Each structure stands twice: as structure tokens, then as C-alpha cells.
Amino acid sequence: MGPGRALSRYTPSGAFAQHAMVACFSISASNNTRRAYWTDVRHWFAFCEERNVDPAQPPSVAVIAWTESMRLAGTAPKTNARRIAALSSVYDRLRRDHPAVVPINPFSIENGPEREVALPLQPTPVASPEAVRAVLATCDASPDGLRDAAIIRVLWATGARRASLTAMTFERLRRDRTDFVATLVAKGNKEVRALICGRAATALAVWLDQLRAMGIVRGHIWRTTAGAVLREKDVWRMLRRRAKHAGIVEQITPHTFRVAFLTFNPAGLESKQDAAGHADPATTRLYDRDNWRGREAFEAMPEVEDL
């Protein structure tokens, strides 16, 4: 069987496979992302098994053969690029956790195959200010309305990933003058800070008062009116439902808010990369805990009503 075999019938076994599975779980807090990474790992492991290749230290010719087999099978360039990027992330984690077993990352930009240019026919859209304002207009003064307005404004103001948003807790939120500073869990279980200011801070404060009235003063911040913790898919469904109610036909998801944060934010590129958690920390940041370039991007993000 080639690399296109039914992955549901193949599960890699052995110590190295267990290490790889742990790496997938360590990379992200999102179950959907973990499953996607593990699917790509299984695809690669199936290829290695069929050709008696050691997946821990594969020769470069095997990696190239795997990417070429996907191309010959007609796999979309975007899918090929995603799989290579996923394997690069997994092996980077394996190399750090098990350097004796995985001395190099065979899928890294330095050591891995050439990245095939992937030009998506439909790039990730951006949440337009007009659409966001229309969705906000559907939020009334009910508990659900107050919560959803706060979620929408926090997504707009911070560009937080959906998994990071739903993981927000009282314990990782502090006041900073009239604003809030949230410590979020990003990809790779990294901690990043997000400054929640302006109308997002006001909306969040109103929702926190609502939680306190419900007797909730610790744990997760985003909950149903019955007190249950919101899941990632609940946030996605809420946005879809309110967009439909507002008559919005364009796509409105947490990720389109993230794109909006990076599109409409007038802060410098370095600040936006730091705020979004994309750039590796500079050496000085390892020593200077008060140096926070990302703050500039959060403070510079305009209100949706101002665009």
C-alpha cells in the first residue's frame, strides 16, 4: 500500500511512536490541532514502515521520496506544505526532548525538503469592521449577550487563538490600571501576554461582574449562563449564529478575527509578531522581564467602530 492507505487502519507502535504522540499533544492545547498533527505523523510513519525506514533518523532521500510520492498522488500543494510543516513541528519537539534519538529535524527548513509553493485558491479571509459591528449589534443586555459581546471584543482587540481564548481563567488575568493583562496558553504550551484595553476591557469587566453575580470567581472565564465552561466549538458556533442573525454572509470565525488583528493594526511588524506569539523571543527578553514589545500592538489596535 502507498502513502494514501486508509490511515484509520494504521496506528504506529513502539517507543518512538509514543514519543511522537506525546510531541503532538505538547505542541498545542487544541484537540483538533493535536489530531491533525497525529494524522500527518501516521501518514509519514506508514510510508516509513512500508520502506523499512527508521522514522527517528530517516535519510534525506526518504524524506524527499515521501514528499515526491504525495506530489505524484495528486495531493494539493497546500496539503503537502501543511504536512511538512506539521512534521517539522513534531520533530523539533522530539529533537528537544530526545536529542540522542533525534539528533536533527529532518523536516526543518535547514535540513528538510524544499517547501512547495502553496497558493491557496481561498486565502483565510479577514473579519471586516462592518461585519464585526453588525455582529456586535446582535448582542443585547442579557447574560448571553454580555458574554458574547465581551468575547467578540476580546477577539478583535487581541487576535487570540480560539484555544487560547477558551482557556482564559481568573487566575491568569490581572488588572493593569484600567485595562486587563491576560496570560494565555499559545501553541507549544507557551505562555504569552495579551493586553485587553479600550472597549474590550469594558465589556470584559461587565462580564466578570456577571460571573461574580453567579457566584463564579475562579477558574475559566467564558461560561454558559448555567456555569458550564465554553468549548472551542461553542465560540465558533456562537459567531456563526450571530453572523447569520445579522445577515452577514462573509465568514466570521475566531481565525478571521486573528487575521483582522494583524491586518488593521498600525503597530510595527516586530510588535505585532510579539503580540501574536509568532516570533522567537529575543535574547534580551530572557533577561529583561519588563520589556514587552507586544504591548504596543495591543494599545495600537483601533476599536472596530473607528474603522
# chains A, B, ... in the order shown; residues from 1 in each chain; ligands from 1
>>> select_by_dssp(residues="region 38-236 of chain A", states="alpha helix (DSSP H)", output="number ranges by chain")
A: 38-50, 60-72, 77-97, 129-136, 143-158, 162-166, 198-213, 232-236
>>> write_last_selection(atoms="C-alpha atoms", output="mmCIF file, in the first residue's frame")
data_model
loop_
_atom_site.group_PDB
_atom_site.id
_atom_site.type_symbol
_atom_site.label_atom_id
_atom_site.label_comp_id
_atom_site.auth_asym_id
_atom_site.auth_seq_id
_atom_site.Cartn_x
_atom_site.Cartn_y
_atom_site.Cartn_z
ATOM 1 C CA TRP A 38 -1.097 12.950 14.678
ATOM 2 C CA THR A 39 -2.819 12.199 11.366
ATOM 3 C CA ASP A 40 0.148 13.670 9.480
ATOM 4 C CA VAL A 41 2.593 11.721 11.679
ATOM 5 C CA ARG A 42 0.717 8.490 10.946
ATOM 6 C CA HIS A 43 0.867 9.239 7.216
ATOM 7 C CA TRP A 44 4.644 9.610 7.408
ATOM 8 C CA PHE A 45 5.116 6.581 9.688
ATOM 9 C CA ALA A 46 3.082 4.403 7.288
ATOM 10 C CA PHE A 47 5.427 5.442 4.478
ATOM 11 C CA CYS A 48 8.478 4.600 6.632
ATOM 12 C CA GLU A 49 7.099 1.204 7.618
ATOM 13 C CA GLU A 50 6.449 0.208 4.022
ATOM 14 C CA SER A 60 17.161 12.768 3.432
ATOM 15 C CA VAL A 61 16.378 10.657 0.362
ATOM 16 C CA ALA A 62 13.473 9.050 2.257
ATOM 17 C CA VAL A 63 12.024 12.429 3.220
ATOM 18 C CA ILE A 64 12.309 13.613 -0.375
ATOM 19 C CA ALA A 65 10.720 10.370 -1.605
ATOM 20 C CA TRP A 66 7.771 10.890 0.759
ATOM 21 C CA THR A 67 7.123 14.421 -0.464
ATOM 22 C CA GLU A 68 7.503 13.284 -4.077
ATOM 23 C CA SER A 69 5.049 10.425 -3.527
ATOM 24 C CA MET A 70 2.450 12.919 -2.317
ATOM 25 C CA ARG A 71 3.005 15.088 -5.359
ATOM 26 C CA LEU A 72 2.669 12.128 -7.726
ATOM 27 C CA PRO A 77 0.343 21.676 -2.671
ATOM 28 C CA LYS A 78 -1.334 23.271 0.347
ATOM 29 C CA THR A 79 -1.777 19.833 1.940
ATOM 30 C CA ASN A 80 1.839 18.880 1.203
ATOM 31 C CA ALA A 81 3.085 22.107 2.753
ATOM 32 C CA ARG A 82 0.885 21.585 5.813
ATOM 33 C CA ARG A 83 2.158 18.039 6.331
ATOM 34 C CA ILE A 84 5.797 19.082 6.065
ATOM 35 C CA ALA A 85 5.206 21.971 8.491
ATOM 36 C CA ALA A 86 3.421 19.638 10.924
ATOM 37 C CA LEU A 87 6.231 17.073 10.806
ATOM 38 C CA SER A 88 8.776 19.858 11.272
ATOM 39 C CA SER A 89 6.999 20.982 14.452
ATOM 40 C CA VAL A 90 6.735 17.426 15.794
ATOM 41 C CA TYR A 91 10.383 16.575 15.085
ATOM 42 C CA ASP A 92 11.511 19.873 16.556
ATOM 43 C CA ARG A 93 9.808 18.866 19.794
ATOM 44 C CA LEU A 94 11.278 15.342 19.573
ATOM 45 C CA ARG A 95 14.751 16.750 18.973
ATOM 46 C CA ARG A 96 14.490 18.892 22.122
ATOM 47 C CA ASP A 97 13.018 16.126 24.281
ATOM 48 C CA PRO A 129 -15.051 46.046 10.624
ATOM 49 C CA GLU A 130 -18.514 46.360 9.079
ATOM 50 C CA ALA A 131 -19.291 42.693 9.713
ATOM 51 C CA VAL A 132 -17.933 42.784 13.265
ATOM 52 C CA ARG A 133 -20.014 45.861 14.077
ATOM 53 C CA ALA A 134 -23.110 44.111 12.718
ATOM 54 C CA VAL A 135 -22.425 41.006 14.808
ATOM 55 C CA LEU A 136 -21.870 43.134 17.917
ATOM 56 C CA PRO A 143 -26.182 37.373 30.166
ATOM 57 C CA ASP A 144 -25.532 35.621 26.852
ATOM 58 C CA GLY A 145 -25.392 38.962 25.075
ATOM 59 C CA LEU A 146 -22.950 40.433 27.587
ATOM 60 C CA ARG A 147 -20.710 37.374 27.361
ATOM 61 C CA ASP A 148 -20.752 37.206 23.566
ATOM 62 C CA ALA A 149 -20.044 40.937 23.224
ATOM 63 C CA ALA A 150 -17.040 40.509 25.525
ATOM 64 C CA ILE A 151 -15.762 37.517 23.534
ATOM 65 C CA ILE A 152 -16.127 39.365 20.229
ATOM 66 C CA ARG A 153 -14.353 42.452 21.513
ATOM 67 C CA VAL A 154 -11.532 40.433 23.093
ATOM 68 C CA LEU A 155 -11.030 38.514 19.841
ATOM 69 C CA TRP A 156 -10.904 41.789 17.914
ATOM 70 C CA ALA A 157 -8.603 43.509 20.399
ATOM 71 C CA THR A 158 -6.088 40.682 20.873
ATOM 72 C CA ARG A 162 -9.680 30.095 19.870
ATOM 73 C CA ALA A 163 -7.939 27.615 22.170
ATOM 74 C CA SER A 164 -6.152 30.428 23.987
ATOM 75 C CA LEU A 165 -9.386 32.337 24.434
ATOM 76 C CA THR A 166 -11.379 29.460 25.896
ATOM 77 C CA GLY A 198 -10.461 50.006 25.494
ATOM 78 C CA ARG A 199 -13.979 48.749 24.877
ATOM 79 C CA ALA A 200 -12.792 45.154 25.139
ATOM 80 C CA ALA A 201 -11.705 45.820 28.728
ATOM 81 C CA THR A 202 -15.035 47.485 29.497
ATOM 82 C CA ALA A 203 -17.000 44.572 28.018
ATOM 83 C CA LEU A 204 -14.836 42.053 29.871
ATOM 84 C CA ALA A 205 -15.352 43.893 33.169
ATOM 85 C CA VAL A 206 -19.123 43.762 32.672
ATOM 86 C CA TRP A 207 -18.968 40.022 32.018
ATOM 87 C CA LEU A 208 -16.765 39.437 35.074
ATOM 88 C CA ASP A 209 -19.361 41.267 37.189
ATOM 89 C CA GLN A 210 -21.991 38.933 35.728
ATOM 90 C CA LEU A 211 -19.876 35.911 36.691
ATOM 91 C CA ARG A 212 -19.462 37.197 40.227
ATOM 92 C CA ALA A 213 -23.230 37.636 40.479
ATOM 93 C CA GLU A 232 -13.786 25.966 21.334
ATOM 94 C CA LYS A 233 -16.621 24.816 19.098
ATOM 95 C CA ASP A 234 -19.099 26.772 21.245
ATOM 96 C CA VAL A 235 -17.299 30.009 20.385
ATOM 97 C CA TRP A 236 -17.285 29.113 16.691
#
>>> select_by_dssp(residues="region 52-242 of chain A", states="strand (DSSP E or B)", output="JSON, numbers by chain")
{"A": [169, 173, 174, 175, 176, 179, 180, 181, 182, 183, 184, 185, 191, 192, 193, 194, 195, 196, 220, 223, 229]}
>>> closest_residue(among="A:Met238, A:Ala127, A:Met21, A:Ile109", to="Ala260 (chain A)", atoms="only C-alpha atoms")
A:Ala127
>>> atom_distance(atom1="CA of Pro266 (chain A)", atom2="CA of Gln251 (chain A)")
23.3 Å
>>> atom_distance(atom1="CA of Ala186 (chain A)", atom2="CA of Trp222 (chain A)")
17.1 Å
>>> closest_residue(among="A:Glu171, A:Lys187, A:Val53, A:Met301", to="Ala23 (chain A)", atoms="only C-alpha atoms")
A:Lys187
>>> closest_residue(among="A:Glu296, A:Gly14, A:Val229, A:Thr138", to="Gly247 (chain A)", atoms="only C-alpha atoms")
A:Thr138
